[in-house]
Structures are given as structure tokens and as C-alpha cells.
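Participant: You'll find run10.txt just under this line, and it carries compact mmCIF, C-alpha atoms.
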# COMPACT_ATOMS: atom_id res chain seq x y z
CA MET A 24 -15.02 -11.33 0.66
CA GLU A 25 -14.99 -11.92 -3.08
CA ARG A 26 -12.82 -14.78 -4.31
CA ILE A 27 -11.13 -14.36 -7.68
CA ARG A 28 -10.04 -17.56 -9.40
CA LEU A 29 -7.02 -17.19 -11.67
CA SER A 30 -6.41 -20.10 -14.02
CA THR A 31 -4.97 -18.56 -17.19
CA PRO A 32 -2.68 -15.65 -18.11
CA LYS A 33 -5.65 -13.80 -19.60
CA GLN A 34 -7.61 -14.13 -16.35
CA ILE A 35 -4.65 -12.73 -14.45
CA LEU A 36 -4.46 -9.69 -16.73
CA ASP A 37 -8.19 -9.07 -16.41
CA ALA A 38 -8.01 -9.34 -12.61
CA VAL A 39 -5.10 -6.94 -11.99
CA PRO A 40 -7.10 -3.65 -12.17
CA LYS A 41 -9.73 -5.12 -9.88
CA LEU A 42 -7.15 -6.30 -7.35
CA LEU A 43 -5.43 -2.91 -7.27
CA GLY A 44 -8.38 -0.60 -7.85
CA TYR A 45 -6.67 1.14 -10.78
CA SER A 46 -4.84 0.43 -14.05
CA PRO A 47 -1.13 0.15 -13.20
CA ILE A 48 0.36 1.58 -16.39
CA GLY A 49 4.13 1.95 -15.98
CA SER A 50 4.20 -0.53 -13.10
CA LEU A 51 5.33 -3.99 -12.08
CA VAL A 52 2.64 -5.87 -10.16
CA ALA A 53 3.54 -8.81 -7.92
CA ILE A 54 0.91 -11.35 -6.84
CA PRO A 55 2.48 -13.48 -4.07
CA LEU A 56 0.98 -16.90 -3.40
CA SER A 57 0.97 -19.24 -0.42
CA GLY A 58 -0.03 -22.64 -1.69
CA ARG A 59 -2.93 -21.95 -4.02
CA ARG A 60 -3.98 -18.72 -2.33
CA GLY A 61 -2.89 -15.11 -2.18
CA GLY A 62 -4.12 -11.87 -0.71
CA VAL A 63 -1.66 -8.99 -0.78
CA VAL A 64 -0.86 -7.45 -4.17
CA LEU A 65 2.26 -5.26 -4.49
CA ARG A 66 2.93 -2.56 -7.10
CA PHE A 67 6.34 -1.13 -8.04
CA ASP A 68 7.26 1.67 -10.45
CA LEU A 69 9.03 0.22 -13.47
CA PRO A 70 12.48 1.68 -14.20
CA SER A 71 12.71 3.97 -17.21
CA LEU A 72 14.15 2.49 -20.37
CA SER A 73 16.71 4.58 -22.25
CA ASN A 74 16.89 4.78 -26.01
CA SER A 75 19.20 1.77 -25.98
CA ARG A 76 16.62 -0.10 -23.87
CA ALA A 77 19.45 -1.09 -21.56
CA VAL A 78 18.66 -1.09 -17.85
CA ASN A 79 20.66 -2.42 -14.92
CA ALA A 80 18.13 -5.04 -13.91
CA ALA A 81 19.99 -6.69 -11.03
CA PRO A 82 19.60 -3.97 -8.33
CA TYR A 83 15.93 -3.47 -9.17
CA ALA A 84 15.18 -7.22 -9.18
CA SER A 85 17.07 -7.63 -5.91
CA ALA A 86 15.00 -4.89 -4.27
CA VAL A 87 11.70 -6.37 -5.49
CA ILE A 88 12.56 -9.89 -4.33
CA GLY A 89 13.79 -8.37 -1.07
CA HIS A 90 10.34 -6.86 -0.54
CA LEU A 91 8.69 -10.20 -1.25
CA ALA A 92 11.04 -12.03 1.10
CA TYR A 93 9.41 -10.16 4.00
CA LEU A 94 6.23 -12.15 3.37
CA SER A 95 6.76 -15.12 5.65
CA ASN A 96 4.41 -17.55 3.89
CA ILE A 97 5.25 -16.68 0.30
CA GLU A 98 6.07 -19.70 -1.86
CA ARG A 99 5.45 -18.49 -5.41
CA VAL A 100 4.79 -15.24 -7.22
CA VAL A 101 3.27 -14.06 -10.48
CA PHE A 102 4.62 -10.85 -12.03
CA VAL A 103 2.66 -8.61 -14.38
CA PHE A 104 4.63 -5.93 -16.24
CA SER A 105 2.64 -3.03 -17.62
CA PRO A 106 5.15 -0.84 -19.50
CA ASN A 107 4.03 2.40 -21.06
CA LEU A 108 5.42 1.10 -24.37
CA PRO A 109 4.26 -1.00 -27.33
CA PHE A 110 4.88 -4.72 -27.04
CA GLY A 111 7.07 -4.77 -30.14
CA SER A 112 9.07 -1.61 -29.47
CA GLY A 113 12.34 -3.54 -29.50
CA PRO A 114 13.84 -6.93 -30.42
CA THR A 115 12.28 -8.43 -27.28
CA PRO A 116 9.27 -7.37 -25.20
CA PRO A 117 9.97 -4.38 -22.93
CA HIS A 118 11.84 -5.24 -19.72
CA SER A 119 12.77 -8.77 -20.83
CA GLU A 120 16.11 -8.47 -19.03
CA LEU A 121 14.32 -7.48 -15.84
CA ALA A 122 11.96 -10.45 -16.10
CA GLU A 123 14.98 -12.77 -16.35
CA ALA A 124 16.62 -11.09 -13.35
CA LEU A 125 13.46 -11.51 -11.24
CA VAL A 126 13.43 -15.24 -11.98
CA GLU A 127 17.13 -15.48 -11.06
CA PHE A 128 16.84 -13.55 -7.78
CA GLY A 129 13.60 -15.30 -6.90
CA ASP A 130 15.33 -18.65 -7.30
CA ARG A 131 18.13 -17.51 -4.97
CA ALA A 132 15.55 -16.49 -2.35
CA GLY A 133 13.59 -19.74 -2.66
CA ILE A 134 10.60 -18.00 -4.28
CA GLU A 135 9.29 -19.66 -7.44
CA VAL A 136 8.38 -17.21 -10.20
CA VAL A 137 5.41 -18.97 -11.74
CA LEU A 138 4.82 -16.56 -14.59
CA CYS A 139 5.96 -13.19 -15.94
CA LEU A 140 3.34 -11.46 -18.07
CA CYS A 141 3.77 -8.35 -20.21
CA ARG A 142 0.72 -6.17 -20.73
CA ALA A 143 2.01 -3.47 -23.08
CA LEU A 144 0.08 -0.61 -24.67
CA ASP A 145 -0.91 -2.56 -27.77
CA ALA A 146 -0.63 -6.26 -26.95
CA TRP A 147 0.20 -8.80 -24.27
CA GLY A 148 2.39 -11.87 -23.99
CA VAL A 149 4.48 -14.06 -21.71
CA TYR A 150 8.17 -13.56 -21.02
CA GLY A 151 10.66 -16.38 -21.17
CA CYS A 152 9.68 -18.39 -24.21
CA ASP A 153 12.40 -18.59 -26.90
CA ASP A 154 10.24 -20.51 -29.36
CA PRO A 155 8.71 -18.07 -31.88
CA ASP A 156 5.86 -20.55 -32.40
CA CYS A 157 5.09 -20.74 -28.68
CA CYS A 158 1.39 -20.22 -28.11
CA ASP A 159 2.00 -17.90 -25.15
CA VAL A 160 4.92 -15.71 -26.13
CA GLY A 161 2.76 -13.11 -27.87
CA PRO A 162 2.12 -10.57 -28.97
CA ARG A 163 -1.57 -11.20 -28.61
CA ALA A 164 -4.36 -8.70 -29.10
CA LEU A 165 -5.51 -6.99 -25.93
CA GLY A 166 -9.14 -7.64 -26.72
CA ALA A 167 -11.80 -5.80 -24.76
CA GLN A 168 -10.00 -5.63 -21.39
CA ASP A 169 -12.78 -3.43 -20.05
CA ALA A 170 -11.35 -3.53 -16.54
CA TRP A 171 -8.16 -1.80 -17.69
CA ARG A 172 -10.02 0.91 -19.60
CA GLU A 173 -12.59 1.58 -16.90
CA ALA A 174 -10.16 1.69 -13.98
CA ALA A 175 -8.38 4.99 -13.48
CA GLU A 176 -4.62 5.18 -13.51
CA PRO A 177 -3.03 5.39 -10.05
CA ALA A 178 -3.13 8.83 -8.49
CA ILE A 179 -0.35 8.67 -5.92
CA HIS A 180 -0.16 12.16 -4.51
CA ALA A 181 -0.95 14.06 -1.34
CA ASP A 182 -3.84 16.11 -2.69
CA ILE A 183 -7.31 15.96 -1.16
CA ALA A 184 -10.18 17.82 -2.80
CA SER A 185 -11.67 20.48 -0.56
CA ALA A 186 -15.20 20.15 0.75
CA PRO A 187 -17.75 22.89 -0.09
CA ALA A 188 -17.20 26.18 1.73
CA ALA A 189 -20.30 25.81 3.91
CA ARG A 190 -19.16 22.39 5.05
CA ARG A 191 -15.70 23.71 5.88
CA ARG A 192 -17.17 26.60 7.88
CA ALA A 193 -19.32 24.21 9.90
CA PHE A 194 -16.28 22.12 10.76
CA ALA A 195 -14.23 25.20 11.67
CA GLU A 196 -16.89 26.05 14.25
CA ALA A 197 -16.75 22.50 15.64
CA ASP A 198 -12.95 22.71 15.77
CA GLU A 199 -13.13 25.96 17.74
CA ARG A 200 -15.69 24.54 20.17
CA HIS A 201 -13.52 21.49 20.77
CA ALA A 202 -10.50 23.66 21.54
CA GLN A 203 -12.49 25.64 24.10
CA VAL A 204 -14.07 22.65 25.82
CA HIS A 205 -11.12 20.24 25.83
CA GLU A 206 -8.22 22.60 26.42
CA GLY A 207 -5.78 20.96 28.83
CA GLU A 208 -7.62 17.62 28.87
CA ASP A 209 -5.28 14.77 29.79
CA ASP A 210 -7.58 11.75 30.17
CA PHE A 211 -5.58 9.85 27.57
CA SER A 212 -6.84 6.45 28.67
CA GLY A 213 -10.44 7.49 28.10
CA MET A 214 -9.54 9.11 24.78
CA ARG A 215 -7.77 5.99 23.55
CA GLN A 216 -10.82 3.88 24.25
CA GLY A 217 -12.93 6.48 22.46
CA TRP A 218 -10.69 6.37 19.39
CA LEU A 219 -10.85 2.58 19.23
CA ALA A 220 -14.64 2.62 19.49
CA ALA A 221 -15.03 5.36 16.87
CA LEU A 222 -12.63 3.72 14.40
CA THR A 223 -14.18 0.30 14.53
CA PRO A 224 -14.78 -0.35 10.81
CA ALA A 225 -18.52 -0.80 11.27
CA VAL A 226 -18.70 2.62 12.94
CA GLY A 227 -15.94 4.55 11.19
CA ARG A 228 -17.08 3.73 7.68
CA SER A 229 -20.42 5.41 8.36
CA GLY A 230 -18.55 8.65 9.06
CA LEU A 231 -17.45 10.44 12.21
CA SER A 232 -19.15 13.50 13.62
CA ASP A 233 -17.49 16.91 13.35
CA ALA A 234 -16.79 16.76 17.08
CA GLN A 235 -14.98 13.45 16.68
CA LEU A 236 -13.01 14.72 13.68
CA ALA A 237 -12.05 17.83 15.64
CA GLY A 238 -10.81 15.60 18.45
CA LEU A 239 -8.58 13.66 16.05
CA LEU A 240 -7.23 16.87 14.55
CA CYS A 241 -6.44 18.21 18.03
CA MET A 242 -4.39 15.11 18.78
CA LEU A 243 -2.53 15.27 15.47
CA ARG A 244 -1.51 18.89 16.13
CA GLY A 245 0.54 17.83 19.15
CA ARG A 246 3.69 15.82 18.52
CA ARG A 247 3.33 13.60 21.60
CA THR A 248 -0.42 13.14 21.28
CA SER A 249 -0.06 12.48 17.56
CA GLU A 250 2.20 9.49 18.19
CA LEU A 251 -0.15 8.25 20.91
CA LEU A 252 -3.06 8.37 18.46
CA LEU A 253 -1.15 6.55 15.71
CA THR A 254 0.05 3.73 17.97
CA THR A 255 -3.43 3.30 19.44
CA VAL A 256 -5.06 3.09 16.02
CA ALA A 257 -2.51 0.54 14.81
CA PHE A 258 -1.97 -1.63 17.89
CA GLY A 259 -4.71 -0.86 20.37
CA ASP A 260 -4.62 0.53 23.91
CA ARG A 261 -1.31 -0.79 25.18
CA ASP A 262 0.55 0.82 28.07
CA GLU A 263 3.95 -0.08 26.59
CA LEU A 264 3.15 1.75 23.35
CA LEU A 265 2.73 5.43 24.19
CA SER A 266 4.92 6.67 21.33
CA LEU A 267 6.38 5.44 18.04
CA ALA A 268 9.86 4.92 19.54
CA PRO A 269 9.38 1.19 20.34
CA ILE A 270 7.99 0.66 16.84
CA TRP A 271 10.98 2.36 15.22
CA ALA A 272 13.24 0.14 17.34
CA SER A 273 11.53 -3.00 16.05
CA LEU A 274 12.32 -1.98 12.46
CA LEU A 275 16.09 -1.67 12.91
CA PRO A 276 18.20 -4.74 12.03
CA GLY A 277 19.50 -6.48 15.12
CA GLU A 278 17.51 -4.23 17.44
CA SER A 279 15.84 -6.06 20.33
CA THR A 280 15.27 -3.37 22.93
CA GLY A 281 11.66 -2.72 22.00
CA PRO A 282 8.71 -4.75 23.29
CA GLN A 283 7.04 -7.51 21.35
CA LEU A 284 4.54 -5.65 19.21
CA PRO A 285 0.90 -6.60 19.74
CA SER A 286 -1.45 -7.53 16.94
CA PHE A 287 -1.71 -4.92 14.18
CA SER A 288 -5.18 -4.03 12.89
CA ARG A 289 -4.91 -3.15 9.21
CA GLU A 290 -8.68 -2.88 8.94
CA ARG A 291 -8.84 -0.25 11.70
CA VAL A 292 -5.89 1.62 10.18
CA ARG A 293 -7.57 1.77 6.76
CA THR A 294 -10.74 3.04 8.46
CA ALA A 295 -8.67 5.74 10.17
CA VAL A 296 -7.05 6.75 6.87
CA ALA A 297 -10.47 7.20 5.30
CA CYS A 298 -11.57 9.37 8.24
CA LEU A 299 -8.39 11.48 8.15
CA ARG A 300 -8.74 11.99 4.40
CA GLU A 301 -12.29 13.21 5.05
CA LEU A 302 -10.84 15.53 7.68
CA GLY A 303 -8.27 16.77 5.15
CA ALA A 304 -11.09 17.99 2.93
CA LEU A 305 -12.37 20.21 5.75
CA VAL A 306 -9.14 22.09 6.53
CA ASP A 307 -6.29 23.82 4.77
CA LEU A 308 -3.85 20.92 4.52
CA ASP A 309 -0.81 23.17 4.28
CA ASP A 310 -1.70 24.50 7.73
CA GLU A 311 -1.93 21.00 9.20
CA PRO A 312 1.44 19.22 8.86
CA GLY A 313 0.53 16.94 11.75
CA LEU A 314 -2.49 15.67 9.83
CA LEU A 315 -0.35 15.10 6.73
CA ALA A 316 2.26 13.22 8.77
CA GLY A 317 -0.43 11.13 10.46
CA ILE A 318 -1.91 10.08 7.13
CA ALA A 319 1.61 9.35 5.85
CA TRP A 320 2.43 6.99 8.72
CA LEU A 321 -0.88 5.14 8.56
CA GLU A 322 -0.59 4.71 4.78
CA TRP A 323 2.93 3.29 5.13
CA ALA A 324 1.98 1.11 8.10
CA SER A 325 -0.86 -0.49 6.11
CA GLY A 326 1.30 -1.30 3.10
CA ARG A 327 0.80 1.76 0.90
CA ALA A 328 4.35 3.09 0.84
CA SER A 329 4.00 5.33 -2.22
CA ALA A 330 1.02 7.18 -0.78
CA GLY A 331 2.75 7.41 2.59
CA ALA A 332 5.86 8.97 1.04
CA ALA A 333 3.77 11.52 -0.88
CA PHE A 334 2.00 12.75 2.26
CA ALA A 335 5.23 12.67 4.28
CA ARG A 336 7.07 14.87 1.78
CA ARG A 337 4.22 17.37 1.77
CA ALA A 338 4.30 17.46 5.57
CA LEU A 339 8.06 18.08 5.55
CA GLY A 340 7.53 20.91 3.10
CA ARG A 341 5.47 22.67 5.77
CA ARG A 342 7.34 21.45 8.88
CA PRO A 343 10.87 20.29 7.98
CA ASP A 344 11.59 18.91 11.46
CA ASP A 345 8.50 16.69 11.62
CA ARG A 346 9.82 13.45 13.11
CA VAL A 347 6.98 11.20 11.93
CA ALA A 348 7.07 12.42 8.33
CA ALA A 349 10.87 12.26 8.16
CA SER A 350 10.80 8.68 9.46
CA VAL A 351 8.28 7.61 6.81
CA VAL A 352 10.43 9.08 4.02
CA TRP A 353 13.52 7.37 5.46
CA LEU A 354 11.76 3.99 5.60
CA VAL A 355 10.34 4.24 2.07
CA GLU A 356 13.65 5.30 0.55
CA ARG A 357 15.32 2.26 2.13
CA CYS A 358 12.55 -0.12 1.07
CA VAL A 359 11.69 -1.03 4.68
CA LEU A 360 8.41 -2.91 4.88
CA PRO A 361 6.28 -3.02 8.04
CA PRO A 362 7.10 -6.38 9.68
CA TRP A 363 3.50 -6.75 10.85
CA LEU A 364 2.44 -7.19 7.20
CA SER A 365 4.80 -10.11 6.67
CA ASP A 366 2.27 -12.93 6.56
CA VAL A 367 0.38 -13.54 3.32
CA HIS A 368 -2.40 -15.31 5.21
CA ASP A 369 -2.96 -12.29 7.45
CA TRP A 370 -3.94 -10.25 4.41
CA LEU A 371 -6.56 -12.72 3.25
CA THR A 372 -9.11 -11.27 5.67
CA GLU A 373 -8.07 -7.62 5.44
CA THR A 374 -7.21 -6.82 1.82
CA GLU A 375 -7.74 -3.30 0.53
CA THR A 376 -10.22 -4.36 -2.13
CA GLU A 377 -11.67 -7.23 -0.07
CA THR A 378 -10.72 -9.78 -2.70
CA GLU A 379 -8.96 -13.11 -2.49
CA THR A 380 -6.98 -14.74 -5.25
CA GLU A 381 -6.79 -18.47 -5.76
CA THR A 382 -4.87 -20.41 -8.36
CA GLU A 383 -6.32 -23.36 -10.18
CA GLY A 384 -4.04 -26.23 -9.25
CA GLY A 385 -0.30 -26.05 -9.71
CA SER A 386 1.95 -23.99 -11.93
CA ALA A 387 0.84 -25.78 -15.09
CA ALA A 388 -2.68 -24.47 -14.53
CA TRP A 389 -1.48 -20.96 -15.28
CA ARG A 390 -1.12 -21.86 -18.94
CA GLU A 391 -3.90 -21.04 -21.30
CA GLY A 392 -5.61 -24.04 -22.81
The structure in this file should be written as C-alpha cells.

Facilitator:
Amino acid sequence: MERIRLSTPKQILDAVPKLLGYSPIGSLVAIPLSGRRGGVVLRFDLPSLSNSRAVNAAPYASAVIGHLAYLSNIERVVFVFSPNLPFGSGPTPPHSELAEALVEFGDRAGIEVVLCLCRALDAWGVYGCDDPDCCDVGPRALGAQDAWREAAEPAIHADIASAPAARRRAFAEADERHAQVHEGEDDFSGMRQGWLAALTPAVGRSGLSDAQLAGLLCMLRGRRTSELLLTTVAFGDRDELLSLAPIWASLLPGESTGPQLPSFSRERVRTAVACLRELGALVDLDDEPGLLAGIAWLEWASGRASAGAAFARRALGRRPDDRVAASVVWLVERCVLPPWLSDVHDWLTETETETETETEGGSAAWREG
């Protein structure tokens, strides 16, 4: 795992595209910290500013801090605003009111906002300094910022590029063979063990065979078997988790009827998402709503709510009564985070980009010398 040390505002700005894997133009990025360390990085769409630049900041700030409050070990947070606007497009930097609201709501929740940075289109600076001679208020020149230029902007959609025609034909033959050989098979215990073995990161990242991909697709086409596959990938082979119903129950406030959920494997889920995306390139996605819904749930379950919602909505466009896809949309619209991702420390060993952030000392060390 690569460790990224963040000691100054400029280092934070340079690290953001690397932490996310893309340039988050038009986004708010939150870097939660536990002590001097962090792992998970969250991205939110920034609200649109009207011509008057007025925006009701309180509901948005409340929702963002509410997301962060799910992280059980969070103590502090750094925010990076990346508006699709010039730094000096108004009397104050874009979204200044929102930055103030985040500090206020963070204080109410017991989360210290260490720093709010603005990385605008033409310059960068720090929110919250009323002294025009302050060395950090900005605007400062962006400089090279190669990481921002080289990283692509986020592509949050449910499109998967199709594989070459010959490759798709070969898979179609494997899919047909699987249907003939495994029709009526009900050895679910054996299949669950096979899925876990195939989706071990060391194995799954090297690619599954067409026969294995056809087996996954077969499961995702059935509503009951689809839920069995998803729960197995996320939580392992547990007899009390044969459908998503107990998991839905654990997400409802005050609900205690479901079992204690076993350990969640984000690494295995991300491996499964990569395999299912590969599978999506081999089929006509609009003919496979179960595959779309499966990707949607796994994306949401591993902390990628925007991608999950995109795939879920595409699935509902093809199968409006799809229970899994509808549930994902419902959860995303209500800002429900998976409770199994609530510990900052848990993400330190399973981050999407395999990076770890570490601050240099206390809050004063964030200032640029």
C-alpha cells in the first residue's frame, strides 16, 4: 500500500486526483481522518450556484456531515471544493457560505473541520480567512498541477464499452453451453464455495474464464439466485444470509430483527465488480437487467453510491419491478450509507486506490510554511 503524506494545503490539492483516480471538477471532496491517518475519501456533487450565487447551504452541509457521522472513528476532516468556476467570480470564493456551514455542522457533530480548500478553475485558496493579507486566503496560481490535468474527469454512468464481436460470439457459445449443462442445478452450497474461490482478489484480478462468467450471469438472471450471489460475495458463505432481506432490515432505523451481519469483504466485492464489468462488455446490457442490478448493489455496498445509482436506474429502465435495483435507488436518494463501511480504520487496508493518507502532526501542520 502506498502512503501519501499530506503536510500542506498544496500537497492536499496535488493528492486529491490520485486518491480518487480522477479530477473531481464540480465536486466536494472529504478526507476524513482518525488521529493522523485516513483511508476512505468521499466525493459529493456540489450544488449549482444561481446568478445571485445564493445557495441554501444548511441542508447540503447537514447531509454531508451526516454521511461523515457514519464513520465511527472519524475525528477530523479536510474538505476540498473544486467548483467549475473561477476563484474570483464573486465577492468571495465560490461556495464560501457552504464552507462556513460545513464548519458549523461539523462542530455540532463533534467533527473538527481542519481545513476547507478551494481549487477553482484558475486559482486556489483557503476558505475562512478574513484578513486580505493572509498568506493562505488566495487566490494563488494553480501552478503545474499535473495530477489534475492528467487525471480524467469522473465518468459516473452505467455504460460499458462492448468487447470485439469475435470475443462476444465466443462468450455467447460458452453461455449457451452453461445453460445446457447446468440447467436445474441446485447445489448452491458448492456454487457458493466456487464463487468465493474464484473471486479471491489474487484469482479474480487475473480474469475469470468464460465458463465462470457464464455461471455468474446465470445466477444474476434469477431473482433468488442473484440475491444469493450478492450476499455470498459480500459476506461469505453464511446460512443465515440466503437473500438480501436481512441486510435491508439492518439498514432500517430501529430495526433489530435481522441477524448480526458477518464481516464484509470490500476487496472481494471490488474484485467481483471488475469481473461483472468485464461480463457486461460481452453481452447486450439492456437484455441483462439482473447483471445491471447486481453491479449496482455491489457498487453501492462498497461505497460507490453514484455509480450504484447509475446502474440501478438503467436496470429499472429495462425491468421496472427489479427489487434490487429499486432498493439501491431508494438508499442513494435517502443518503443511506452501508453500515459495514463505518470504520475509517477498516478502509486503510482496502482502499480503492490502495493509498493511505497521513497528516504531519496536528492541525497546525496543515499550514504552508

Participant: Please indicate the distance in Å from atom CA of A:Ala184 to atom CA of A:Ala304, rounded to one decimal place.

Facilitator: 5.8 Å

Participant: For a test of reading the model, state the distance in Å between atom CA of A:Leu339 and atom CA of A:His90, rounded to one decimal.

Facilitator: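 It comes out at 25.8 Å.
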
Participant: Measuring atom to atom with all atoms listed in the file, identify which of A:Leu65, A:Val101, A:Ala132, A:Val149 is nearest to A:Ser119.

Facilitator: A:Val149

Participant: Mind giving me the straight-line distance from atom CA of A:Cys141 to atom CA of A:Leu360 in Å, one decimal?

Facilitator: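 Interatomic distance here is 26.1 Å.
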
Participant: Would you kindly return, as a PyMOL selection string, each protein, DNA or RNA residue with an atom no farther than 6 Å from any atom of stretch 317-322 of chain A, considering all atoms listed in the file and excluding same-chain residues fewer than 3 positions away?

Facilitator: chain A and resi 314+325+327+331+334-335

Participant: With 3 Å of padding per side, what axis-aligned box (centre and edge lengths, Å, one decimal) covers all the listed atoms of stretch 128-133 of chain A? Give it as AutoDock Vina command-line options.

Facilitator:
--center_x 15.9 --center_y -16.6 --center_z -5.1 --size_x 10.5 --size_y 12.2 --size_z 11.4

Participant: Which residue, A:Pro312, A:Glu196, A:Trp218, A:Val355, has the smallest gap to A:Asp233 when you use all atoms listed in the file?

Facilitator: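 Smallest separation from A:Asp233 among the options: A:Glu196.
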
Participant: Let me make sure I understand: among A:Glu127, A:Ser185, A:Ala237, A:Pro361, which one has the smallest atom-to-atom distance to A:Glu199 if we use all atoms listed in the file?

Facilitator: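 Nearest to A:Glu199: A:Ala237.
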
Participant: Which residues are near stretch 84-86 of chain A? Cut-off 9 Å, only C-alpha atoms, ignore same chain within fewer than 4 positions. Put them as an mmCIF file with C-alpha atoms, keeping the file's coordinate frame.

Facilitator:
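Result saved to result_28.cif:
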data_model
loop_
_atom_site.group_PDB
_atom_site.id
_atom_site.type_symbol
_atom_site.label_atom_id
_atom_site.label_comp_id
_atom_site.auth_asym_id
_atom_site.auth_seq_id
_atom_site.Cartn_x
_atom_site.Cartn_y
_atom_site.Cartn_z
ATOM 1 C CA ALA A 80 18.130 -5.040 -13.910
ATOM 2 C CA HIS A 90 10.340 -6.860 -0.540
ATOM 3 C CA LEU A 91 8.690 -10.200 -1.250
ATOM 4 C CA LEU A 121 14.320 -7.480 -15.840
ATOM 5 C CA ALA A 122 11.960 -10.450 -16.100
ATOM 6 C CA ALA A 124 16.620 -11.090 -13.350
ATOM 7 C CA LEU A 125 13.460 -11.510 -11.240
ATOM 8 C CA VAL A 126 13.430 -15.240 -11.980
ATOM 9 C CA GLU A 127 17.130 -15.480 -11.060
ATOM 10 C CA PHE A 128 16.840 -13.550 -7.780
ATOM 11 C CA GLY A 129 13.600 -15.300 -6.900
ATOM 12 C CA CYS A 358 12.550 -0.120 1.070
#

Participant: Would you kindly identify which residues have an atom no farther than 10 Å from (0.4, -12.7, -15.7), using all atoms listed in the file and the file's own coordinates, and write them out as a PyMOL selection string?

Facilitator: chain A and resi 29+31-39+52-54+100-104+137-142+147-150+389-390

Participant: Please provide the set of residues having any atom within 9 Å of A:Asp309, restricted to all atoms listed in the file, with same-chain residues fewer than 4 positions apart removed, written as a ChimeraX atom specification.

Facilitator: /A:315,337-338,340-341

Participant: For A:Asp145, which residue among A:Met214, A:Leu165, A:Ala202, A:Ala197 is the nearest when counting all atoms listed in the file?

Facilitator: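 Ranking A:Met214, A:Leu165, A:Ala202, A:Ala197 by distance to A:Asp145, first place goes to A:Leu165.
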
Participant: Write out as a list in words the residues lying within 7 Å of stretch 191-193 of chain A, counting all atoms listed in the file and excluding same-chain residues fewer than 4 positions away.

Facilitator: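 Once the nearby chain positions are removed, what remains is Ala186, Pro187, Ala197, Leu305 and Val306 of chain A.
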
Participant: Which one of A:Thr115, A:Ala164, A:Arg300, A:Gln203 sits closest to A:Gly151 if you count only C-alpha atoms?

Facilitator: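 Nearest candidate to A:Gly151 out of A:Thr115, A:Ala164, A:Arg300, A:Gln203: A:Thr115.
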
Participant: Please determine, counting all atoms listed in the file, which residue among A:Ala257, A:Cys298, A:Ala328, A:Leu267 has the shortest atom-to-atom distance to A:Phe67.

Facilitator: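 For A:Phe67, the nearest of the candidates is A:Ala328.
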
Participant: What does stretch 283-336 of chain A look like written to a file with C-alpha atoms, as an mmCIF file, in the first residue's frame?

Facilitator:
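Contents of selection-v8.cif, freshly written:
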data_model
loop_
_atom_site.group_PDB
_atom_site.id
_atom_site.type_symbol
_atom_site.label_atom_id
_atom_site.label_comp_id
_atom_site.auth_asym_id
_atom_site.auth_seq_id
_atom_site.Cartn_x
_atom_site.Cartn_y
_atom_site.Cartn_z
ATOM 1 C CA GLN A 283 -25.698 -9.696 13.225
ATOM 2 C CA LEU A 284 -24.005 -9.220 9.871
ATOM 3 C CA PRO A 285 -20.707 -11.052 9.423
ATOM 4 C CA SER A 286 -17.535 -9.383 8.237
ATOM 5 C CA PHE A 287 -17.873 -7.558 4.917
ATOM 6 C CA SER A 288 -15.140 -8.056 2.313
ATOM 7 C CA ARG A 289 -14.779 -4.853 0.319
ATOM 8 C CA GLU A 290 -11.772 -6.261 -1.505
ATOM 9 C CA ARG A 291 -13.747 -9.279 -2.750
ATOM 10 C CA VAL A 292 -16.677 -7.045 -3.722
ATOM 11 C CA ARG A 293 -14.424 -4.760 -5.777
ATOM 12 C CA THR A 294 -12.963 -7.851 -7.470
ATOM 13 C CA ALA A 295 -16.499 -9.005 -8.278
ATOM 14 C CA VAL A 296 -17.410 -5.594 -9.711
ATOM 15 C CA ALA A 297 -14.407 -5.741 -12.032
ATOM 16 C CA CYS A 298 -15.441 -9.229 -13.198
ATOM 17 C CA LEU A 299 -19.075 -8.206 -13.744
ATOM 18 C CA ARG A 300 -17.997 -5.134 -15.703
ATOM 19 C CA GLU A 301 -15.914 -7.450 -17.884
ATOM 20 C CA LEU A 302 -19.006 -9.608 -18.284
ATOM 21 C CA GLY A 303 -21.027 -6.524 -19.249
ATOM 22 C CA ALA A 304 -18.724 -5.984 -22.216
ATOM 23 C CA LEU A 305 -19.598 -9.449 -23.537
ATOM 24 C CA VAL A 306 -23.398 -9.132 -23.552
ATOM 25 C CA ASP A 307 -26.110 -6.701 -24.527
ATOM 26 C CA LEU A 308 -26.554 -4.892 -21.218
ATOM 27 C CA ASP A 309 -30.104 -3.821 -21.999
ATOM 28 C CA ASP A 310 -31.021 -7.507 -22.189
ATOM 29 C CA GLU A 311 -29.473 -8.236 -18.786
ATOM 30 C CA PRO A 312 -31.218 -6.159 -16.089
ATOM 31 C CA GLY A 313 -30.127 -8.671 -13.459
ATOM 32 C CA LEU A 314 -26.480 -8.002 -14.305
ATOM 33 C CA LEU A 315 -27.073 -4.241 -14.131
ATOM 34 C CA ALA A 316 -28.811 -4.579 -10.762
ATOM 35 C CA GLY A 317 -26.028 -6.810 -9.437
ATOM 36 C CA ILE A 318 -23.357 -4.288 -10.383
ATOM 37 C CA ALA A 319 -25.500 -1.522 -8.850
ATOM 38 C CA TRP A 320 -25.775 -3.263 -5.481
ATOM 39 C CA LEU A 321 -22.090 -4.169 -5.295
ATOM 40 C CA GLU A 322 -21.059 -0.619 -6.227
ATOM 41 C CA TRP A 323 -23.298 0.833 -3.514
ATOM 42 C CA ALA A 324 -22.243 -1.771 -0.948
ATOM 43 C CA SER A 325 -18.564 -0.910 -1.475
ATOM 44 C CA GLY A 326 -19.073 2.829 -1.055
ATOM 45 C CA ARG A 327 -19.602 3.978 -4.645
ATOM 46 C CA ALA A 328 -23.158 5.277 -4.376
ATOM 47 C CA SER A 329 -23.153 7.408 -7.533
ATOM 48 C CA ALA A 330 -22.060 4.516 -9.730
ATOM 49 C CA GLY A 331 -24.535 2.221 -7.986
ATOM 50 C CA ALA A 332 -27.424 4.604 -8.643
ATOM 51 C CA ALA A 333 -26.482 4.934 -12.322
ATOM 52 C CA PHE A 334 -26.537 1.167 -12.889
ATOM 53 C CA ALA A 335 -29.695 0.759 -10.796
ATOM 54 C CA ARG A 336 -31.618 3.327 -12.836
#
